[in-house]
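K.L.:
One structure coming up, written as structure tokens, with questions to follow.
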Amino acid sequence: MKKSKRYIEAAKLVDKTKLYDLDEATEIIKKTASAKFDETIEAHLKLGVDGRHADQQVRGAVVLPHGTGKTVKVLVFAKGDKVEQALAAGADYAGGEELVPKIQNEGWLDFDVVIATPDMMGVVGRLGRVLGPKGLMPNPKAGTVTPDVVKAIEDVKAGKIEYRLDKANIIHVPVGKASFTKEQIVGNYTALMEAVVKARPSSAKGQYLKSVTITTTMGPGIKLNPNRFTGQSSAE
């Protein structure tokens with residue numbers, strides 16, 4: 001794939017043979033974000049586990065202290081008073097069975113996160129084929145299946161992100177925007193790394209963090225030193 005002139009210029013700022021500390025990488029990442037829009041800053045973590053085994057799955061959620069910089073639309077599946085509570089707490093949409101045909105038949109997917117009360121999972125389960133492939137299926141580990149819809153909504157709106165392995169055992173998640181300060185990016189990235197390190201399966205052998213990369217939507221990846229994140233409470 002042909003690289004743009006902007007990408008080539010940005011790539012000159014990155015030493016591909018070096019493993020950077022988070023502070024230095026963050027300074028460079030802000031220089032490489034030269035697109036006309038506010039680029040998303042992403043984390044890509046390759047783990048030394050085999051996600052095909054249930055006991056080596058890595059999945060969870062973390063509230064980024066400085067948010068994601070993105071406005072998140074939330075859909076809540078609930079009954080009775082919980083519907084009103086959800087809307088009052090800031091849910092963009094809330095309801096029950098009547099939402100199923102809208103999603104199933106009309107292809108309505110104007111939301112980023114789905115939260116459900118436990119008594120609604122039978123209904124939500126019917127949407128597995130639609131929501132599952134898009135990573136929208138509510139999950140107890142991610143805190144999106146819960147009787148406390150108010151807290152779940154507040155967490156999501158505050159910057160809660162879900163992380164999980166893809167088929168190549170890599171986690172891809174947003175950790176902010178290029179317009180964030182260096183301190184905000186470092187704070188968010190550190191919170192993510194602490195959560196992922198803490199989620200290490202007991203059955204995982206050998207090196208857990210194989211590679212740790214930070215990048216912008218349109219920029220080159222910057223490799224971080226994975227050893228700086230293991231066995232420590234912060235990135236520094």
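Here, A, B, ... name the chains of the structure tokens in the order displayed, residue numbers run from 1 inside each chain, and ligands are numbered from 1 in the same displayed order.
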Report as an mmCIF file with N, CA and C atoms, in the first residue's frame all protein, DNA and RNA residues lying within 12 Å of A:Gln104, evaluated on only C-alpha atoms, omitting residues in the same chain fewer than 5 positions from it.
P.N.:
data_model
loop_
_atom_site.group_PDB
_atom_site.id
_atom_site.type_symbol
_atom_site.label_atom_id
_atom_site.label_comp_id
_atom_site.auth_asym_id
_atom_site.auth_seq_id
_atom_site.Cartn_x
_atom_site.Cartn_y
_atom_site.Cartn_z
ATOM 1 N N GLU A 97 -38.008 -5.316 24.540
ATOM 2 C CA GLU A 97 -38.204 -6.174 23.370
ATOM 3 C C GLU A 97 -38.492 -5.407 22.089
ATOM 4 N N GLU A 98 -39.115 -4.218 22.223
ATOM 5 C CA GLU A 98 -39.488 -3.466 21.019
ATOM 6 C C GLU A 98 -38.278 -3.015 20.192
ATOM 7 N N LEU A 99 -37.078 -3.039 20.824
ATOM 8 C CA LEU A 99 -35.869 -2.620 20.105
ATOM 9 C C LEU A 99 -35.285 -3.732 19.233
ATOM 10 N N LEU A 109 -28.120 0.542 14.135
ATOM 11 C CA LEU A 109 -26.936 0.346 14.983
ATOM 12 C C LEU A 109 -26.330 1.703 15.357
ATOM 13 N N VAL A 123 -33.509 -11.702 26.005
ATOM 14 C CA VAL A 123 -33.934 -10.902 24.846
ATOM 15 C C VAL A 123 -32.721 -10.487 24.015
ATOM 16 N N VAL A 124 -31.694 -9.965 24.696
ATOM 17 C CA VAL A 124 -30.493 -9.490 23.999
ATOM 18 C C VAL A 124 -29.777 -10.636 23.283
ATOM 19 N N GLY A 125 -29.864 -11.831 23.872
ATOM 20 C CA GLY A 125 -29.231 -13.001 23.260
ATOM 21 C C GLY A 125 -29.709 -13.273 21.839
ATOM 22 N N ARG A 126 -30.939 -12.869 21.535
ATOM 23 C CA ARG A 126 -31.481 -13.067 20.186
ATOM 24 C C ARG A 126 -30.774 -12.189 19.152
ATOM 25 N N LEU A 127 -30.037 -11.196 19.644
ATOM 26 C CA LEU A 127 -29.325 -10.280 18.747
ATOM 27 C C LEU A 127 -27.842 -10.623 18.620
ATOM 28 N N GLY A 128 -27.479 -11.795 19.148
ATOM 29 C CA GLY A 128 -26.070 -12.193 19.154
ATOM 30 C C GLY A 128 -25.397 -12.146 17.802
ATOM 31 N N ARG A 129 -26.103 -12.577 16.761
ATOM 32 C CA ARG A 129 -25.505 -12.622 15.414
ATOM 33 C C ARG A 129 -25.243 -11.233 14.851
ATOM 34 N N VAL A 130 -26.010 -10.264 15.338
ATOM 35 C CA VAL A 130 -25.837 -8.884 14.861
ATOM 36 C C VAL A 130 -24.823 -8.144 15.730
ATOM 37 N N LEU A 131 -25.003 -8.216 17.052
ATOM 38 C CA LEU A 131 -24.158 -7.458 17.971
ATOM 39 C C LEU A 131 -22.788 -8.098 18.186
#
K.L.:
With only C-alpha atoms as the counted atoms, please give the residues lying no more than 12 Å from A:Thr190, apart from itself and same-chain residues fewer than 3 positions off, as a VMD selection string.
P.N.:
chain A and resid 21 to 23 26 43 62 to 66 175 183 to 187 193 to 197 212 214 226 228 to 230 232 to 236
K.L.:
Now that the selection is made, can you save its residues with N, CA and C atoms as an mmCIF file, in the first residue's frame?
P.N.:
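And here is the file that came out, part_38.cif:
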data_model
loop_
_atom_site.group_PDB
_atom_site.id
_atom_site.type_symbol
_atom_site.label_atom_id
_atom_site.label_comp_id
_atom_site.auth_asym_id
_atom_site.auth_seq_id
_atom_site.Cartn_x
_atom_site.Cartn_y
_atom_site.Cartn_z
ATOM 1 N N ASP A 21 10.419 4.835 25.871
ATOM 2 C CA ASP A 21 9.673 5.021 27.111
ATOM 3 C C ASP A 21 8.392 5.766 26.751
ATOM 4 N N LEU A 22 7.370 5.632 27.582
ATOM 5 C CA LEU A 22 6.069 6.221 27.273
ATOM 6 C C LEU A 22 6.140 7.735 27.127
ATOM 7 N N ASP A 23 6.886 8.413 27.988
ATOM 8 C CA ASP A 23 6.993 9.876 27.913
ATOM 9 C C ASP A 23 7.528 10.332 26.557
ATOM 10 N N THR A 26 5.128 9.609 23.678
ATOM 11 C CA THR A 26 3.987 10.527 23.655
ATOM 12 C C THR A 26 4.360 11.853 23.015
ATOM 13 N N ALA A 43 -3.780 2.120 21.240
ATOM 14 C CA ALA A 43 -2.820 1.188 21.832
ATOM 15 C C ALA A 43 -3.001 -0.166 21.161
ATOM 16 N N VAL A 62 -11.735 -0.857 31.559
ATOM 17 C CA VAL A 62 -11.039 0.103 32.420
ATOM 18 C C VAL A 62 -11.578 1.493 32.112
ATOM 19 N N VAL A 63 -11.735 2.299 33.166
ATOM 20 C CA VAL A 63 -12.145 3.695 32.969
ATOM 21 C C VAL A 63 -10.882 4.527 32.797
ATOM 22 N N LEU A 64 -10.722 5.118 31.611
ATOM 23 C CA LEU A 64 -9.563 5.970 31.360
ATOM 24 C C LEU A 64 -9.747 7.274 32.133
ATOM 25 N N PRO A 65 -8.766 7.671 32.937
ATOM 26 C CA PRO A 65 -8.942 8.844 33.811
ATOM 27 C C PRO A 65 -9.258 10.140 33.072
ATOM 28 N N HIS A 66 -8.847 10.224 31.806
ATOM 29 C CA HIS A 66 -9.089 11.459 31.048
ATOM 30 C C HIS A 66 -10.061 11.243 29.883
ATOM 31 N N VAL A 175 -6.969 5.300 23.281
ATOM 32 C CA VAL A 175 -6.564 5.822 24.594
ATOM 33 C C VAL A 175 -6.593 7.352 24.632
ATOM 34 N N GLU A 183 0.329 14.694 29.388
ATOM 35 C CA GLU A 183 -0.008 14.095 30.684
ATOM 36 C C GLU A 183 -1.293 13.263 30.604
ATOM 37 N N GLN A 184 -2.262 13.734 29.831
ATOM 38 C CA GLN A 184 -3.523 12.986 29.677
ATOM 39 C C GLN A 184 -3.303 11.673 28.943
ATOM 40 N N ILE A 185 -2.482 11.713 27.901
ATOM 41 C CA ILE A 185 -2.197 10.493 27.132
ATOM 42 C C ILE A 185 -1.443 9.483 27.998
ATOM 43 N N VAL A 186 -0.422 9.972 28.703
ATOM 44 C CA VAL A 186 0.368 9.091 29.591
ATOM 45 C C VAL A 186 -0.535 8.489 30.667
ATOM 46 N N GLY A 187 -1.413 9.302 31.261
ATOM 47 C CA GLY A 187 -2.315 8.818 32.303
ATOM 48 C C GLY A 187 -3.253 7.733 31.806
ATOM 49 N N MET A 193 -2.550 -0.110 30.724
ATOM 50 C CA MET A 193 -1.511 -1.119 30.913
ATOM 51 C C MET A 193 -1.614 -1.783 32.275
ATOM 52 N N GLU A 194 -1.926 -0.999 33.309
ATOM 53 C CA GLU A 194 -2.088 -1.585 34.644
ATOM 54 C C GLU A 194 -3.216 -2.603 34.651
ATOM 55 N N ALA A 195 -4.326 -2.276 33.961
ATOM 56 C CA ALA A 195 -5.480 -3.185 33.914
ATOM 57 C C ALA A 195 -5.137 -4.471 33.165
ATOM 58 N N VAL A 196 -4.439 -4.338 32.035
ATOM 59 C CA VAL A 196 -4.101 -5.510 31.221
ATOM 60 C C VAL A 196 -3.087 -6.401 31.946
ATOM 61 N N VAL A 197 -2.097 -5.792 32.590
ATOM 62 C CA VAL A 197 -1.102 -6.574 33.342
ATOM 63 C C VAL A 197 -1.782 -7.314 34.496
ATOM 64 N N VAL A 212 4.303 -3.717 22.648
ATOM 65 C CA VAL A 212 3.417 -2.642 23.087
ATOM 66 C C VAL A 212 3.653 -1.462 22.144
ATOM 67 N N ILE A 214 2.144 2.355 20.419
ATOM 68 C CA ILE A 214 1.238 3.498 20.458
ATOM 69 C C ILE A 214 1.252 4.133 19.062
ATOM 70 N N PRO A 226 8.158 -3.014 26.617
ATOM 71 C CA PRO A 226 7.125 -3.709 27.395
ATOM 72 C C PRO A 226 7.540 -3.992 28.834
ATOM 73 N N ARG A 228 8.786 -2.074 30.907
ATOM 74 C CA ARG A 228 8.499 -0.943 31.792
ATOM 75 C C ARG A 228 7.107 -1.047 32.411
ATOM 76 N N PHE A 229 6.271 -1.921 31.852
ATOM 77 C CA PHE A 229 4.894 -2.019 32.323
ATOM 78 C C PHE A 229 4.642 -3.220 33.228
ATOM 79 N N THR A 230 5.556 -4.164 33.247
ATOM 80 C CA THR A 230 5.312 -5.385 34.022
ATOM 81 C C THR A 230 5.890 -5.274 35.412
ATOM 82 N N GLN A 232 5.183 -3.318 37.716
ATOM 83 C CA GLN A 232 5.252 -1.982 38.281
ATOM 84 C C GLN A 232 3.854 -1.406 38.326
ATOM 85 N N SER A 233 3.651 -0.431 39.178
ATOM 86 C CA SER A 233 2.326 0.151 39.326
ATOM 87 C C SER A 233 2.053 1.233 38.294
ATOM 88 N N SER A 234 3.100 1.686 37.603
ATOM 89 C CA SER A 234 2.895 2.706 36.581
ATOM 90 C C SER A 234 3.905 2.507 35.473
ATOM 91 N N ALA A 235 3.796 3.350 34.451
ATOM 92 C CA ALA A 235 4.673 3.225 33.295
ATOM 93 C C ALA A 235 6.049 3.817 33.558
ATOM 94 N N GLU A 236 6.159 4.576 34.610
ATOM 95 C CA GLU A 236 7.443 5.197 34.907
ATOM 96 C C GLU A 236 8.030 4.667 36.212
#
K.L.:
Excluding A:Phe180 and any residue of its chain fewer than 6 positions from it, enumerate the residues within 12 Å of it, using only C-alpha atoms, and give them as a ChimeraX atom specification.
P.N.:
/A:26-27,29-30,33,38-41,66-70,186-188
K.L.:
I need the chosen residues saved as a PDB file, in the first residue's frame, with N, CA and C atoms.
P.N.:
ATOM      1  N   THR A  26       5.128   9.609  23.678  1.00  0.00           N
ATOM      2  CA  THR A  26       3.987  10.527  23.655  1.00  0.00           C
ATOM      3  C   THR A  26       4.360  11.853  23.015  1.00  0.00           C
ATOM      4  N   GLU A  27       5.567  12.337  23.285  1.00  0.00           N
ATOM      5  CA  GLU A  27       6.036  13.579  22.657  1.00  0.00           C
ATOM      6  C   GLU A  27       6.084  13.415  21.137  1.00  0.00           C
ATOM      7  N   ILE A  29       4.429  11.147  19.315  1.00  0.00           N
ATOM      8  CA  ILE A  29       3.099  10.864  18.761  1.00  0.00           C
ATOM      9  C   ILE A  29       2.343  12.159  18.487  1.00  0.00           C
ATOM     10  N   LYS A  30       2.526  13.157  19.335  1.00  0.00           N
ATOM     11  CA  LYS A  30       1.847  14.434  19.129  1.00  0.00           C
ATOM     12  C   LYS A  30       2.411  15.157  17.901  1.00  0.00           C
ATOM     13  N   ALA A  33       0.967  13.510  14.589  1.00  0.00           N
ATOM     14  CA  ALA A  33      -0.474  13.690  14.326  1.00  0.00           C
ATOM     15  C   ALA A  33      -0.686  14.982  13.544  1.00  0.00           C
ATOM     16  N   ASP A  38      -8.918  15.615  14.393  1.00  0.00           N
ATOM     17  CA  ASP A  38      -8.317  15.240  15.680  1.00  0.00           C
ATOM     18  C   ASP A  38      -8.155  13.724  15.723  1.00  0.00           C
ATOM     19  N   GLU A  39      -6.958  13.259  15.402  1.00  0.00           N
ATOM     20  CA  GLU A  39      -6.722  11.813  15.284  1.00  0.00           C
ATOM     21  C   GLU A  39      -6.881  11.102  16.627  1.00  0.00           C
ATOM     22  N   THR A  40      -7.357   9.865  16.548  1.00  0.00           N
ATOM     23  CA  THR A  40      -7.437   9.017  17.742  1.00  0.00           C
ATOM     24  C   THR A  40      -6.062   8.419  18.011  1.00  0.00           C
ATOM     25  N   ILE A  41      -5.696   8.363  19.278  1.00  0.00           N
ATOM     26  CA  ILE A  41      -4.456   7.687  19.668  1.00  0.00           C
ATOM     27  C   ILE A  41      -4.837   6.284  20.125  1.00  0.00           C
ATOM     28  N   HIS A  66      -8.847  10.224  31.806  1.00  0.00           N
ATOM     29  CA  HIS A  66      -9.089  11.459  31.048  1.00  0.00           C
ATOM     30  C   HIS A  66     -10.061  11.243  29.883  1.00  0.00           C
ATOM     31  N   GLY A  67     -10.801  10.119  29.935  1.00  0.00           N
ATOM     32  CA  GLY A  67     -11.789   9.849  28.891  1.00  0.00           C
ATOM     33  C   GLY A  67     -11.142   9.486  27.564  1.00  0.00           C
ATOM     34  N   THR A  68     -11.982   9.276  26.553  1.00  0.00           N
ATOM     35  CA  THR A  68     -11.483   8.894  25.226  1.00  0.00           C
ATOM     36  C   THR A  68     -11.487  10.064  24.251  1.00  0.00           C
ATOM     37  N   GLY A  69     -12.144  11.148  24.641  1.00  0.00           N
ATOM     38  CA  GLY A  69     -12.255  12.284  23.727  1.00  0.00           C
ATOM     39  C   GLY A  69     -13.370  12.098  22.725  1.00  0.00           C
ATOM     40  N   LYS A  70     -14.092  11.001  22.862  1.00  0.00           N
ATOM     41  CA  LYS A  70     -15.176  10.691  21.927  1.00  0.00           C
ATOM     42  C   LYS A  70     -16.515  10.704  22.662  1.00  0.00           C
ATOM     43  N   VAL A 186      -0.422   9.972  28.703  1.00  0.00           N
ATOM     44  CA  VAL A 186       0.368   9.091  29.591  1.00  0.00           C
ATOM     45  C   VAL A 186      -0.535   8.489  30.667  1.00  0.00           C
ATOM     46  N   GLY A 187      -1.413   9.302  31.261  1.00  0.00           N
ATOM     47  CA  GLY A 187      -2.315   8.818  32.303  1.00  0.00           C
ATOM     48  C   GLY A 187      -3.253   7.733  31.806  1.00  0.00           C
ATOM     49  N   ASN A 188      -3.825   7.950  30.623  1.00  0.00           N
ATOM     50  CA  ASN A 188      -4.743   6.959  30.050  1.00  0.00           C
ATOM     51  C   ASN A 188      -4.022   5.670  29.675  1.00  0.00           C
TER      52      ASN A 188
END
K.L.:
Could you please determine the separation between atom CA of A:Asp81 and atom CA of A:Pro118 in Å, to one decimal place?
P.N.:
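Separation between atom CA of A:Asp81 and atom CA of A:Pro118: 14.6 Å.
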K.L.:
Run DSSP on the backbone and tell me which residues of stretch 67-122 of chain A come out as strand (DSSP E or B); list them as number ranges by chain.
P.N.:
A: 74-77, 93-95, 113-116
K.L.:
Neighbours of A:Tyr7 within 9 Å (only C-alpha atoms; same-chain residues fewer than 2 positions away dropped), as an mmCIF file with N, CA and C atoms, in the first residue's frame?
P.N.:
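selection-v9.cif, freshly written:
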data_model
loop_
_atom_site.group_PDB
_atom_site.id
_atom_site.type_symbol
_atom_site.label_atom_id
_atom_site.label_comp_id
_atom_site.auth_asym_id
_atom_site.auth_seq_id
_atom_site.Cartn_x
_atom_site.Cartn_y
_atom_site.Cartn_z
ATOM 1 N N LYS A 3 2.248 4.799 0.791
ATOM 2 C CA LYS A 3 2.164 5.668 1.960
ATOM 3 C C LYS A 3 2.046 7.127 1.516
ATOM 4 N N SER A 4 1.289 7.913 2.260
ATOM 5 C CA SER A 4 1.140 9.331 1.930
ATOM 6 C C SER A 4 2.421 10.087 2.290
ATOM 7 N N LYS A 5 2.569 11.281 1.702
ATOM 8 C CA LYS A 5 3.743 12.108 1.991
ATOM 9 C C LYS A 5 3.776 12.466 3.482
ATOM 10 N N GLU A 9 6.810 11.567 6.158
ATOM 11 C CA GLU A 9 7.465 12.598 6.973
ATOM 12 C C GLU A 9 7.374 12.252 8.462
ATOM 13 N N ALA A 10 6.193 11.780 8.884
ATOM 14 C CA ALA A 10 5.989 11.412 10.291
ATOM 15 C C ALA A 10 6.881 10.233 10.674
ATOM 16 N N ALA A 11 7.020 9.279 9.753
ATOM 17 C CA ALA A 11 7.808 8.071 10.029
ATOM 18 C C ALA A 11 9.287 8.386 10.260
ATOM 19 N N LYS A 12 9.741 9.509 9.701
ATOM 20 C CA LYS A 12 11.145 9.904 9.888
ATOM 21 C C LYS A 12 11.457 10.257 11.348
ATOM 22 N N THR A 32 3.613 13.562 15.246
ATOM 23 C CA THR A 32 3.241 12.810 14.035
ATOM 24 C C THR A 32 1.766 12.984 13.664
ATOM 25 N N SER A 34 -0.607 14.876 12.222
ATOM 26 C CA SER A 34 -0.680 16.082 11.391
ATOM 27 C C SER A 34 -1.899 16.113 10.475
ATOM 28 N N MET A 218 -3.601 7.967 11.621
ATOM 29 C CA MET A 218 -2.929 8.067 10.323
ATOM 30 C C MET A 218 -1.406 7.981 10.407
ATOM 31 N N GLY A 219 -0.885 7.811 11.613
ATOM 32 C CA GLY A 219 0.569 7.871 11.778
ATOM 33 C C GLY A 219 1.246 6.525 11.957
ATOM 34 N N PRO A 220 2.580 6.536 12.037
ATOM 35 C CA PRO A 220 3.349 5.304 12.225
ATOM 36 C C PRO A 220 3.262 4.809 13.666
#
K.L.:
Can you list, as a CSV table (one decimal) with C-alpha atoms, in the first residue's frame, every protein, DNA or RNA residue that comes within 6 Å of stretch 139-148 of chain A when you count only C-alpha atoms, leaving out same-chain residues fewer than 3 positions away?
P.N.:
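Writing done, so here's part.csv:
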chain,number,residue,atom,x,y,z
A,60,GLY,CA,-12.1,-6.7,30.8
A,61,ALA,CA,-12.8,-2.9,31.0
A,115,ILE,CA,-25.7,-2.2,28.4
A,116,ALA,CA,-28.3,-4.7,29.7
A,117,THR,CA,-29.8,-5.7,33.0
A,118,PRO,CA,-29.4,-9.5,33.7
A,151,LYS,CA,-23.3,3.4,37.3
